[in-house]
Amino acid sequence: MAPRRPAAILLCAVLSLCFLTNQAGPANASNRHTVIILGDSVFSVFRWAPASQTPLWRHRYDIVNEAWGCQSLMTAGCPGSGNKSTLERLADHKDEELDAIIVGTGYNDVGGVTIRTAMKKIAAFATEREIPVFWATYFEGGNMKRKAREFNRVVRAEASHHPSVTVLEWSDHAVGHRAWFNGDSVHLNGAGGRQLGVFLADALDDYFAATNGG
């Protein structure tokens, strides 16, 4: 009887494919990045509408969600924030392996000095650990328009002194998209939360592709 070479060849091909698939699994897993999100009621859409994080999950980002209503940068916010400041929330994770920090809080703070001081402290934390910081600009809309404009000037100016900090122009990106916001033109609805997730995932993709190929 003639040897069944076609069947043998097919079996080898299947086994080889299985081997390669198994090898690819751990490699893909190792490309995941852990990202902490520090936010107040604007970014808390990631908490009450978890599907907003889907774009980040799909882009291999594991999220540590520290977005809380009433969050303030350096002082305890209202009871809804758990009475912890943003800096305290970040310090809670000082011993964890983080690959990036996203800051989307400050709407509840008063004065550019607070923004500047908090940025210096967060940048120092990140620089010591060699972690990039992505600071989202405040949306210049609703009753926050004037305050957000001032804060954004401070953020852009202060970031120029900290190589670890990248400013993400969320305010510019969201202009003209009223459908992303609730009636106050500041807080996001579910659709806006998903767009925020896409915006952040794209920024992280660009950074990691440029620094270590993803």
# chains A, B, ... in the order shown; residues from 1 in each chain; ligands from 1
>>> residues_around(residues="Asp172 (chain A)", least_positions_apart="3", cutoff="10 Å", atoms="only C-alpha atoms", output="list of chain:residue names")
A:Thr137, A:Tyr138, A:Phe139, A:Glu140, A:Leu168, A:Glu169, A:Val175, A:Gly176
>>> atom_distance(atom1="CA of Ile63 (chain A)", atom2="CA of Thr34 (chain A)")
6.0 Å
>>> closest_residue(among="A:His33, A:Asp40, A:Ala100, A:Ile115", to="Gly82 (chain A)", atoms="only C-alpha atoms")
A:Asp40
>>> select_by_dssp(residues="region 2-212 of chain A", states="strand (DSSP E)", output="list in words")
His33, Thr34, Val35, Ile36, Ile37, Leu38, Gly39, Tyr61, Asp62, Ile63, Val64, Asn65, Glu66, Ala67, Ala100, Ile101, Ile102, Val103, Gly104, Val133, Phe134, Trp135, Ala136, Val165, Thr166, Val167 and Leu168 of chain A
>>> closest_residue(among="A:Leu87, A:Ala76, A:Val103, A:Val186", to="Gly39 (chain A)", atoms="only C-alpha atoms")
A:Val103
>>> atom_distance(atom1="CA of Lys120 (chain A)", atom2="CA of Asn143 (chain A)")
27.0 Å
>>> residues_around(residues="Val165 (chain A)", least_positions_apart="4", cutoff="8 Å", atoms="only C-alpha atoms", output="list in words")
Ala123, Pro132, Val133, Phe134, Trp135, Ala159 and Ser160 of chain A
>>> residues_around(residues="Gly192 (chain A)", least_positions_apart="4", cutoff="12 Å", atoms="only C-alpha atoms", output="list of chain:residue names")
A:Val42, A:Phe43, A:Ser44, A:Val45, A:Phe46, A:Ala49, A:Ala51, A:Ser52, A:Gln53, A:Trp170, A:His173, A:Ala174, A:Val175, A:His177, A:Arg178, A:Ala179, A:Trp180, A:Phe181, A:Asn182, A:Ser185, A:Val186, A:His187, A:Leu188, A:Leu196, A:Gly197, A:Val198, A:Phe199
>>> closest_residue(among="A:Asn212, A:Thr75, A:Ser164, A:Asn152", to="Glu130 (chain A)", atoms="only C-alpha atoms")
A:Ser164
>>> atom_distance(atom1="CA of Ala136 (chain A)", atom2="CA of Thr166 (chain A)")
8.6 Å
>>> closest_residue(among="A:Ala91, A:Ile36, A:Leu56, A:Ala67", to="Phe125 (chain A)", atoms="only C-alpha atoms")
A:Ala91
>>> select_by_dssp(residues="region 45-109 of chain A", states="helix (DSSP H, G or I)", output="ChimeraX atom specification")
/A:45-48,50-58,79-81,86-91
>>> write_last_selection(atoms="N, CA, C and O atoms", output="PDB file, in the first residue's frame")
ATOM      1  N   VAL A  45     -17.810  58.742  33.645  1.00  0.00           N
ATOM      2  CA  VAL A  45     -18.600  57.999  32.672  1.00  0.00           C
ATOM      3  C   VAL A  45     -18.021  56.597  32.502  1.00  0.00           C
ATOM      4  O   VAL A  45     -18.755  55.640  32.207  1.00  0.00           O
ATOM      5  N   PHE A  46     -16.718  56.450  32.736  1.00  0.00           N
ATOM      6  CA  PHE A  46     -16.097  55.132  32.664  1.00  0.00           C
ATOM      7  C   PHE A  46     -16.572  54.227  33.799  1.00  0.00           C
ATOM      8  O   PHE A  46     -16.435  53.004  33.719  1.00  0.00           O
ATOM      9  N   ARG A  47     -17.133  54.821  34.854  1.00  0.00           N
ATOM     10  CA  ARG A  47     -17.615  54.037  35.982  1.00  0.00           C
ATOM     11  C   ARG A  47     -19.095  53.680  35.810  1.00  0.00           C
ATOM     12  O   ARG A  47     -19.479  52.526  35.967  1.00  0.00           O
ATOM     13  N   TRP A  48     -19.951  54.678  35.502  1.00  0.00           N
ATOM     14  CA  TRP A  48     -21.379  54.384  35.424  1.00  0.00           C
ATOM     15  C   TRP A  48     -21.799  53.844  34.057  1.00  0.00           C
ATOM     16  O   TRP A  48     -22.887  53.301  33.913  1.00  0.00           O
ATOM     17  N   PRO A  50     -19.673  51.483  31.945  1.00  0.00           N
ATOM     18  CA  PRO A  50     -18.427  50.735  31.710  1.00  0.00           C
ATOM     19  C   PRO A  50     -18.127  50.442  30.243  1.00  0.00           C
ATOM     20  O   PRO A  50     -16.960  50.309  29.869  1.00  0.00           O
ATOM     21  N   ALA A  51     -19.158  50.367  29.414  1.00  0.00           N
ATOM     22  CA  ALA A  51     -18.932  50.091  27.991  1.00  0.00           C
ATOM     23  C   ALA A  51     -18.102  51.183  27.336  1.00  0.00           C
ATOM     24  O   ALA A  51     -17.526  50.969  26.263  1.00  0.00           O
ATOM     25  N   SER A  52     -18.026  52.348  27.979  1.00  0.00           N
ATOM     26  CA  SER A  52     -17.195  53.433  27.453  1.00  0.00           C
ATOM     27  C   SER A  52     -15.730  53.018  27.379  1.00  0.00           C
ATOM     28  O   SER A  52     -14.953  53.589  26.597  1.00  0.00           O
ATOM     29  N   GLN A  53     -15.347  52.046  28.198  1.00  0.00           N
ATOM     30  CA  GLN A  53     -13.957  51.591  28.214  1.00  0.00           C
ATOM     31  C   GLN A  53     -13.650  50.585  27.110  1.00  0.00           C
ATOM     32  O   GLN A  53     -12.481  50.222  26.920  1.00  0.00           O
ATOM     33  N   THR A  54     -14.674  50.140  26.393  1.00  0.00           N
ATOM     34  CA  THR A  54     -14.476  49.096  25.382  1.00  0.00           C
ATOM     35  C   THR A  54     -13.359  49.412  24.389  1.00  0.00           C
ATOM     36  O   THR A  54     -12.534  48.536  24.084  1.00  0.00           O
ATOM     37  N   PRO A  55     -13.275  50.639  23.852  1.00  0.00           N
ATOM     38  CA  PRO A  55     -12.171  50.920  22.917  1.00  0.00           C
ATOM     39  C   PRO A  55     -10.799  50.717  23.552  1.00  0.00           C
ATOM     40  O   PRO A  55      -9.864  50.269  22.878  1.00  0.00           O
ATOM     41  N   LEU A  56     -10.681  51.013  24.830  1.00  0.00           N
ATOM     42  CA  LEU A  56      -9.404  50.819  25.524  1.00  0.00           C
ATOM     43  C   LEU A  56      -9.116  49.333  25.712  1.00  0.00           C
ATOM     44  O   LEU A  56      -7.996  48.874  25.480  1.00  0.00           O
ATOM     45  N   TRP A  57     -10.122  48.581  26.115  1.00  0.00           N
ATOM     46  CA  TRP A  57      -9.926  47.142  26.279  1.00  0.00           C
ATOM     47  C   TRP A  57      -9.526  46.493  24.962  1.00  0.00           C
ATOM     48  O   TRP A  57      -8.629  45.636  24.928  1.00  0.00           O
ATOM     49  N   ARG A  58     -10.180  46.896  23.887  1.00  0.00           N
ATOM     50  CA  ARG A  58      -9.886  46.288  22.581  1.00  0.00           C
ATOM     51  C   ARG A  58      -8.486  46.617  22.095  1.00  0.00           C
ATOM     52  O   ARG A  58      -7.925  45.889  21.268  1.00  0.00           O
ATOM     53  N   PRO A  79     -18.336  63.717  49.493  1.00  0.00           N
ATOM     54  CA  PRO A  79     -18.422  62.297  49.887  1.00  0.00           C
ATOM     55  C   PRO A  79     -18.451  61.326  48.717  1.00  0.00           C
ATOM     56  O   PRO A  79     -17.976  60.198  48.834  1.00  0.00           O
ATOM     57  N   GLY A  80     -18.978  61.756  47.566  1.00  0.00           N
ATOM     58  CA  GLY A  80     -19.025  60.861  46.418  1.00  0.00           C
ATOM     59  C   GLY A  80     -17.663  60.476  45.889  1.00  0.00           C
ATOM     60  O   GLY A  80     -17.519  59.516  45.129  1.00  0.00           O
ATOM     61  N   SER A  81     -16.619  61.221  46.293  1.00  0.00           N
ATOM     62  CA  SER A  81     -15.260  60.916  45.845  1.00  0.00           C
ATOM     63  C   SER A  81     -14.560  59.949  46.775  1.00  0.00           C
ATOM     64  O   SER A  81     -13.407  59.582  46.541  1.00  0.00           O
ATOM     65  N   THR A  86      -7.022  63.285  44.226  1.00  0.00           N
ATOM     66  CA  THR A  86      -6.404  62.580  43.094  1.00  0.00           C
ATOM     67  C   THR A  86      -5.007  62.095  43.458  1.00  0.00           C
ATOM     68  O   THR A  86      -4.624  60.966  43.114  1.00  0.00           O
ATOM     69  N   LEU A  87      -4.247  62.933  44.142  1.00  0.00           N
ATOM     70  CA  LEU A  87      -2.891  62.546  44.534  1.00  0.00           C
ATOM     71  C   LEU A  87      -2.909  61.348  45.483  1.00  0.00           C
ATOM     72  O   LEU A  87      -2.050  60.465  45.392  1.00  0.00           O
ATOM     73  N   GLU A  88      -3.890  61.316  46.369  1.00  0.00           N
ATOM     74  CA  GLU A  88      -3.996  60.167  47.277  1.00  0.00           C
ATOM     75  C   GLU A  88      -4.379  58.900  46.517  1.00  0.00           C
ATOM     76  O   GLU A  88      -3.864  57.810  46.806  1.00  0.00           O
ATOM     77  N   ARG A  89      -5.268  59.048  45.545  1.00  0.00           N
ATOM     78  CA  ARG A  89      -5.638  57.885  44.728  1.00  0.00           C
ATOM     79  C   ARG A  89      -4.419  57.338  43.988  1.00  0.00           C
ATOM     80  O   ARG A  89      -4.218  56.125  43.896  1.00  0.00           O
ATOM     81  N   LEU A  90      -3.612  58.222  43.460  1.00  0.00           N
ATOM     82  CA  LEU A  90      -2.422  57.794  42.737  1.00  0.00           C
ATOM     83  C   LEU A  90      -1.440  57.110  43.689  1.00  0.00           C
ATOM     84  O   LEU A  90      -0.862  56.069  43.354  1.00  0.00           O
ATOM     85  N   ALA A  91      -1.281  57.681  44.874  1.00  0.00           N
ATOM     86  CA  ALA A  91      -0.362  57.100  45.860  1.00  0.00           C
ATOM     87  C   ALA A  91      -0.798  55.698  46.284  1.00  0.00           C
ATOM     88  O   ALA A  91       0.043  54.857  46.631  1.00  0.00           O
TER      89      ALA A  91
END
>>> closest_residue(among="A:Glu128, A:Met119, A:Gly190, A:Arg149", to="His161 (chain A)", atoms="only C-alpha atoms")
A:Met119
